[in-house]
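Visitor: Below is a structure I'd like to ask you about.
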Amino acid sequence: MLAGSRVRDITHYLNDCKFILVSNREPYEHTRGPGGAIGVRQPAGGLVTALDPTMRRTHGTWVAWGSGNADRETSDAAGRLQVPLDEGHYDLRRVWLDEADVNGYYHGFSNRALWPLCHMLIQHFEFRTEFWERYRAVNLRFAHAAADEAERCSGRAMAWIHDYHFALAAEYLRAMRPSLFIHQFWHIPFPPPDILRLLPSGTHEALLRGLLGNDLLEFQIDRHAQNFFDCVEQFLPDAHVDRANDAVVFRDREARVEAFPISIDVERFEQMASTPDAIVRARTLRARYARGTRQLGVCVDRIDYTKGIPERMRALATLWDEQPTMREQFTFIFVCTPSRTELRAYHELEQDVVQTVMEINGRFGNTDWTPIVLINENVDSDLLASVYRSADVCIVSSLQDGMNLVAKEFVACQIDERGVLLLSRFTGSAEEIAGAVLINPFNVDGFVAAIRTALEMPADERQKRMRKMRRALRSSTIFDWLESILARSSEIMAVQVSDAAV
Ligand code: ADQ
């Protein structure tokens, strides 16, 4: 199914270790439809695409929140089932959360406290004791589930924890299974000490101690790792930071802290953008929105205050306002999916986006030209690939972003090498991709000038930049990312084994 030439067999790095993956979202979710039939949904994200084949080959266990309304009836009493259901390749161990858990652990501490803090957007930061208590309890429950799964295997096991939902899980798991190899990938930025200390006393220290339960802590880029070291130096006097060796020694154990920039399944995006259907769709989009010399811009985001959507609209409105000759020169497609709408900040942002697009279109548009076309929903990846292919410009304007995969998806789909990538310098991608036009989304005039630079860039310069980015991206795919993490883990494990033997 997913197995293609690009999916490599990297199981040898696991050294016959049982592989236990821990994430908030599950790889297969069962839901009961309106007619009563149970369906299974697999999230389209790159992480599942990359990890599912590895899980199948290793027959590992994936521990995740059982969030589907038919999840309980499709699992056994312990929350376990084999997935994919008809093929039985690996175990999914579902962890149950009640409404108060979801509100406190997920919407609360994860998304109202840690998410804004890590992105340094502190006006959205909110701490409640109840959030923190639930976060601790749920992290402990996940650690128990992972320990339980490790217990079931006879040999060694490796646990790989994902993201900011589980800052405490490694420490809990370490206490239960001291010799287990534990590592964690942190998908979002890590803040400097002055921001982390906005968490109450005791809480920010607990968070750092939790993460130091790992043998290897993986960040997107080195800057996030350096922020982590700064926080440990400032808040944990008992820990010793060894920057020369990318490590922290704490409680007689060493945690390595390194950068592993995540990527996408490049070949899959290239293929999706090259099908006959994709070519027809891209032509249709250009015929509709980029007639004659008019250019087509694209942005793709979850509606999230970290993505800089109002800042982008402000720059476009300023350009059309102050430079009227730029009107009718280009149309922007905004593919913006509502996200986390249970939270007020997100709901308000969504309304603001819709309202501002209407105002901009009313102010500058005419019967022949709509400045911004808003697609306010989730779009299939096939269609997304055609949109990326058809565009002359893509704007990624995040105020902070761990990596930003949209930038990489755009580059992968630019088969005709016509497009210019405008990329916020506050994304992990900006530190990885050379060839984009970098922007600071807070600097209105700089942003406006960069949009103009992109639109006026000659075709040969565009091609040169895009070709360079595409070449670099092909040698840095999600499979390279996975392989480098597993290779590094296996190296550290080997050293641990030989040290233990001395
Ligand atoms: P996100 O904050 O979700 O990820 P990003 O890296 O851009 O941000 O990934 C978003 C994904 O969702 C992309 O694959 C994109 O195609 C898809 N998407 C967005 N809007 C969509 C729409 N309207 N329709 C369909 N698909 C849409 C977090 C971190 C990032 C980090 C990733 C991976 O915040 O910094 O890059 O994890 O580690």
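How things are named: the first chain in the structure tokens is A, the next is B, and so on; residues count from 1 in each chain; ligands count from 1 in the order shown.
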Neighbouring residues of ligand 1 are defined here as those with any atom at most 7 Å from a ligand atom, counting only C-alpha atoms and all ligand atoms; list them as a ChimeraX atom specification.

Guide: /A:45-46,187-188,262,300-302,335-337,377-381,384,401-406,409

Visitor: Limited to C-alpha atoms, could you put the picked residues into a file as a compact mmCIF listing (two decimals), in the first residue's frame?

Guide:
# COMPACT_ATOMS: atom_id res chain seq x y z
CA GLY A 45 -0.06 13.54 7.66
CA GLY A 46 3.51 12.80 6.67
CA HIS A 187 7.93 19.12 16.71
CA ILE A 188 7.56 22.75 17.77
CA ILE A 262 11.82 16.88 9.68
CA VAL A 300 -1.79 26.84 2.90
CA ASP A 301 -2.26 26.79 6.67
CA ARG A 302 -4.24 25.54 9.56
CA VAL A 335 -6.25 27.44 1.62
CA CYS A 336 -6.96 27.83 5.32
CA THR A 337 -8.39 24.96 7.34
CA GLU A 377 -11.67 23.92 4.44
CA ASN A 378 -9.42 20.90 4.47
CA VAL A 379 -8.31 20.02 0.96
CA ASP A 380 -7.14 16.57 -0.26
CA SER A 381 -3.44 16.27 -0.80
CA LEU A 384 -3.19 20.63 -2.74
CA ASP A 401 7.22 27.54 13.42
CA GLY A 402 9.15 24.41 14.36
CA MET A 403 9.78 23.50 10.72
CA ASN A 404 6.81 24.26 8.39
CA LEU A 405 6.10 21.51 5.94
CA VAL A 406 4.02 23.66 3.57
CA GLU A 409 5.50 20.67 -0.11

Visitor: Applying 6 Å and only C-alpha atoms, which residues near segment 309-321 of chain A remain after dropping the ones on its own chain fewer than 3 positions away? List them as a PyMOL selection string.

Guide: chain A and resi 324+326-327+444+448

Visitor: Determine which residues of segment 209-452 of chain A receive a DSSP assignment of alpha helix (DSSP H), computed from the backbone, and state them as a PyMOL selection string.

Guide: chain A and resi 209-211+222-235+266-274+276-289+309-322+344-364+381-390+405-413+444-452

Visitor: Using only C-alpha atoms, pick whichever of A:Thr58, A:Gln463, A:Ser339, A:Asn139 has the shortest atom-to-atom distance to Asn376 of chain A.

Guide: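 Going through A:Thr58, A:Gln463, A:Ser339, A:Asn139 one by one, the smallest distance to Asn376 of chain A is for A:Ser339.
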
Visitor: Find the residue from A:Arg93, A:Arg41, A:Asn24, A:Ala70 that sits nearest to Ala169 of chain A; use only C-alpha atoms when measuring.

Guide: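 The shortest atom-to-atom distance to Ala169 of chain A comes from A:Asn24.
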
Visitor: Residues of segment 6-36 of chain A within 10 Å of segment 478-500 of chain A: nearest atom pair and distance (Å, one decimal) for each, counting only C-alpha atoms, sorted by chain and number, as CSV?

Guide:
residue,atom,partner,partner_atom,distance
A:Arg6,CA,A:Phe479,CA,7.4
A:Val7,CA,A:Phe479,CA,6.7
A:Arg8,CA,A:Phe479,CA,7.1
A:Asp9,CA,A:Glu483,CA,9.1
A:Ile10,CA,A:Glu483,CA,6.4
A:Thr11,CA,A:Leu486,CA,8.7
A:His12,CA,A:Ala487,CA,9.2
A:Tyr13,CA,A:Ser490,CA,5.7
A:Leu14,CA,A:Ser490,CA,6.5
A:Asn15,CA,A:Ser490,CA,7.5
A:Cys17,CA,A:Ser490,CA,9.8

Visitor: Would you export the selected residues with N, CA and C atoms as an mmCIF file, in the first residue's frame, please?

Guide:
data_model
loop_
_atom_site.group_PDB
_atom_site.id
_atom_site.type_symbol
_atom_site.label_atom_id
_atom_site.label_comp_id
_atom_site.auth_asym_id
_atom_site.auth_seq_id
_atom_site.Cartn_x
_atom_site.Cartn_y
_atom_site.Cartn_z
ATOM 1 N N ARG A 6 10.758 4.560 -2.152
ATOM 2 C CA ARG A 6 11.266 5.566 -1.231
ATOM 3 C C ARG A 6 11.194 5.117 0.221
ATOM 4 N N VAL A 7 10.330 4.131 0.505
ATOM 5 C CA VAL A 7 10.207 3.663 1.882
ATOM 6 C C VAL A 7 11.295 2.636 2.122
ATOM 7 N N ARG A 8 12.297 3.045 2.894
ATOM 8 C CA ARG A 8 13.446 2.151 3.066
ATOM 9 C C ARG A 8 13.262 1.228 4.252
ATOM 10 N N ASP A 9 13.968 0.122 4.176
ATOM 11 C CA ASP A 9 13.927 -0.775 5.320
ATOM 12 C C ASP A 9 15.006 -0.317 6.308
ATOM 13 N N ILE A 10 14.545 0.238 7.401
ATOM 14 C CA ILE A 10 15.514 0.762 8.367
ATOM 15 C C ILE A 10 15.424 -0.015 9.674
ATOM 16 N N THR A 11 14.817 -1.194 9.575
ATOM 17 C CA THR A 11 14.601 -1.950 10.804
ATOM 18 C C THR A 11 15.899 -2.449 11.426
ATOM 19 N N HIS A 12 16.971 -2.553 10.593
ATOM 20 C CA HIS A 12 18.221 -3.069 11.166
ATOM 21 C C HIS A 12 18.773 -2.146 12.249
ATOM 22 N N TYR A 13 18.389 -0.855 12.192
ATOM 23 C CA TYR A 13 18.871 0.048 13.245
ATOM 24 C C TYR A 13 18.269 -0.302 14.605
ATOM 25 N N LEU A 14 17.183 -1.020 14.573
ATOM 26 C CA LEU A 14 16.505 -1.309 15.841
ATOM 27 C C LEU A 14 17.150 -2.464 16.595
ATOM 28 N N ASN A 15 18.103 -3.142 15.948
ATOM 29 C CA ASN A 15 18.839 -4.229 16.626
ATOM 30 C C ASN A 15 17.910 -5.201 17.348
ATOM 31 N N CYS A 17 15.261 -4.691 18.694
ATOM 32 C CA CYS A 17 14.552 -4.046 19.801
ATOM 33 C C CYS A 17 13.076 -3.968 19.464
#

Visitor: Just checking: using only C-alpha atoms, which residue out of A:Asn227, A:Thr129, A:Ser179, A:Gln400 ends up closest to Arg156 of chain A?

Guide: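 Nearest candidate to Arg156 of chain A out of A:Asn227, A:Thr129, A:Ser179, A:Gln400: A:Ser179.
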
Visitor: Excluding same-chain residues fewer than 6 positions from Gln226 of chain A, what lies within 9 Å of it counting only C-alpha atoms, as a PyMOL selection string?

Guide: chain A and resi 190+192+243+257

Visitor: With N, CA, C and O atoms kept, could you save the residues just selected as a short mmCIF file (atom, residue, chain, number, x, y, z; two decimals), in the first residue's frame?

Guide:
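The resulting file, part.cif, is reproduced below:
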data_model
loop_
_atom_site.label_atom_id
_atom_site.label_comp_id
_atom_site.auth_asym_id
_atom_site.auth_seq_id
_atom_site.Cartn_x
_atom_site.Cartn_y
_atom_site.Cartn_z
N PHE A 190 11.39 25.40 20.89
CA PHE A 190 11.55 25.39 22.35
C PHE A 190 11.95 26.81 22.76
O PHE A 190 12.84 27.40 22.15
N PRO A 192 13.22 30.31 24.91
CA PRO A 192 14.33 30.69 25.79
C PRO A 192 13.86 30.82 27.25
O PRO A 192 12.65 30.85 27.51
N ARG A 243 27.74 21.44 26.32
CA ARG A 243 27.39 21.85 24.94
C ARG A 243 28.32 21.24 23.91
O ARG A 243 27.91 20.95 22.79
N VAL A 257 21.08 15.86 23.27
CA VAL A 257 20.09 16.81 22.74
C VAL A 257 20.59 17.27 21.37
O VAL A 257 21.62 17.94 21.28
#

Visitor: In terms of the shortest atom-to-atom distance over only C-alpha atoms, which of A:Ala459, A:Val102, A:Ala273, A:Val411 is closest to Arg134 of chain A?

Guide: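 Of the candidates, the smallest distance to Arg134 of chain A is held by A:Val102.
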
Visitor: With distances taken over only C-alpha atoms, which residue among A:Arg253, A:Asp277, A:Glu133, A:Asp16 lies nearest Asp238 of chain A?

Guide: A:Arg253

Visitor: Which residues, written as a PyMOL selection string, have at least one atom at most 7 Å from Asp215 of chain A, with only C-alpha atoms counted and residues fewer than 6 positions away on the same chain left out?

Guide: chain A and resi 181-183+254-256

Visitor: Create the file for the chosen residues now, containing C-alpha atoms and written as a PDB file, in the first residue's frame.

Guide:
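The resulting file, again-v6.pdb, is reproduced below:
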ATOM      1  CA  PHE A 181      15.967   3.316  25.549  1.00  0.00           C
ATOM      2  CA  ILE A 182      13.721   6.394  25.385  1.00  0.00           C
ATOM      3  CA  HIS A 183      13.863   9.213  22.871  1.00  0.00           C
ATOM      4  CA  GLU A 254      23.283  11.526  30.153  1.00  0.00           C
ATOM      5  CA  ALA A 255      20.619  12.895  27.811  1.00  0.00           C
ATOM      6  CA  ARG A 256      21.804  13.795  24.312  1.00  0.00           C
TER       7      ARG A 256
END

Visitor: Using only C-alpha atoms, which protein or nucleic acid residues come within 10 Å of His124 of chain A? Drop anything in the same chain fewer than 5 positions from it, and give the result as a PDB file with N, CA, C and O atoms, in the first residue's frame.

Guide:
ATOM      1  N   ASN A 111      -2.478  22.934  24.601  1.00  0.00           N
ATOM      2  CA  ASN A 111      -2.762  23.931  23.561  1.00  0.00           C
ATOM      3  C   ASN A 111      -2.977  25.356  24.052  1.00  0.00           C
ATOM      4  O   ASN A 111      -2.871  26.302  23.265  1.00  0.00           O
ATOM      5  N   ARG A 112      -3.281  25.528  25.364  1.00  0.00           N
ATOM      6  CA  ARG A 112      -3.439  26.912  25.836  1.00  0.00           C
ATOM      7  C   ARG A 112      -2.232  27.382  26.633  1.00  0.00           C
ATOM      8  O   ARG A 112      -2.095  28.566  26.906  1.00  0.00           O
ATOM      9  N   ALA A 113      -1.393  26.452  27.070  1.00  0.00           N
ATOM     10  CA  ALA A 113      -0.193  26.860  27.818  1.00  0.00           C
ATOM     11  C   ALA A 113       1.070  26.600  26.988  1.00  0.00           C
ATOM     12  O   ALA A 113       1.752  27.529  26.567  1.00  0.00           O
ATOM     13  N   TRP A 115       1.676  25.359  23.851  1.00  0.00           N
ATOM     14  CA  TRP A 115       1.732  25.773  22.430  1.00  0.00           C
ATOM     15  C   TRP A 115       2.080  27.266  22.326  1.00  0.00           C
ATOM     16  O   TRP A 115       3.072  27.626  21.675  1.00  0.00           O
ATOM     17  N   PRO A 116       1.316  28.180  22.979  1.00  0.00           N
ATOM     18  CA  PRO A 116       1.690  29.601  22.848  1.00  0.00           C
ATOM     19  C   PRO A 116       3.054  29.923  23.457  1.00  0.00           C
ATOM     20  O   PRO A 116       3.804  30.722  22.891  1.00  0.00           O
ATOM     21  N   LEU A 117       3.406  29.278  24.571  1.00  0.00           N
ATOM     22  CA  LEU A 117       4.712  29.576  25.181  1.00  0.00           C
ATOM     23  C   LEU A 117       5.846  29.187  24.250  1.00  0.00           C
ATOM     24  O   LEU A 117       6.796  29.947  24.064  1.00  0.00           O
ATOM     25  N   TYR A 305      -2.859  31.066  15.228  1.00  0.00           N
ATOM     26  CA  TYR A 305      -2.234  32.387  15.386  1.00  0.00           C
ATOM     27  C   TYR A 305      -0.720  32.362  15.212  1.00  0.00           C
ATOM     28  O   TYR A 305      -0.077  33.391  15.131  1.00  0.00           O
ATOM     29  N   ALA A 345      -9.568  31.577  20.982  1.00  0.00           N
ATOM     30  CA  ALA A 345      -8.598  32.326  20.173  1.00  0.00           C
ATOM     31  C   ALA A 345      -8.630  31.850  18.715  1.00  0.00           C
ATOM     32  O   ALA A 345      -8.478  32.647  17.784  1.00  0.00           O
TER      33      ALA A 345
END

Visitor: In terms of the shortest atom-to-atom distance over only C-alpha atoms, which of A:Ala77, A:Cys153, A:Ala282, A:Ala391 is closest to Gly419 of chain A?

Guide: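 Of A:Ala77, A:Cys153, A:Ala282, A:Ala391, the one nearest Gly419 of chain A is A:Ala391, counting only C-alpha atoms.
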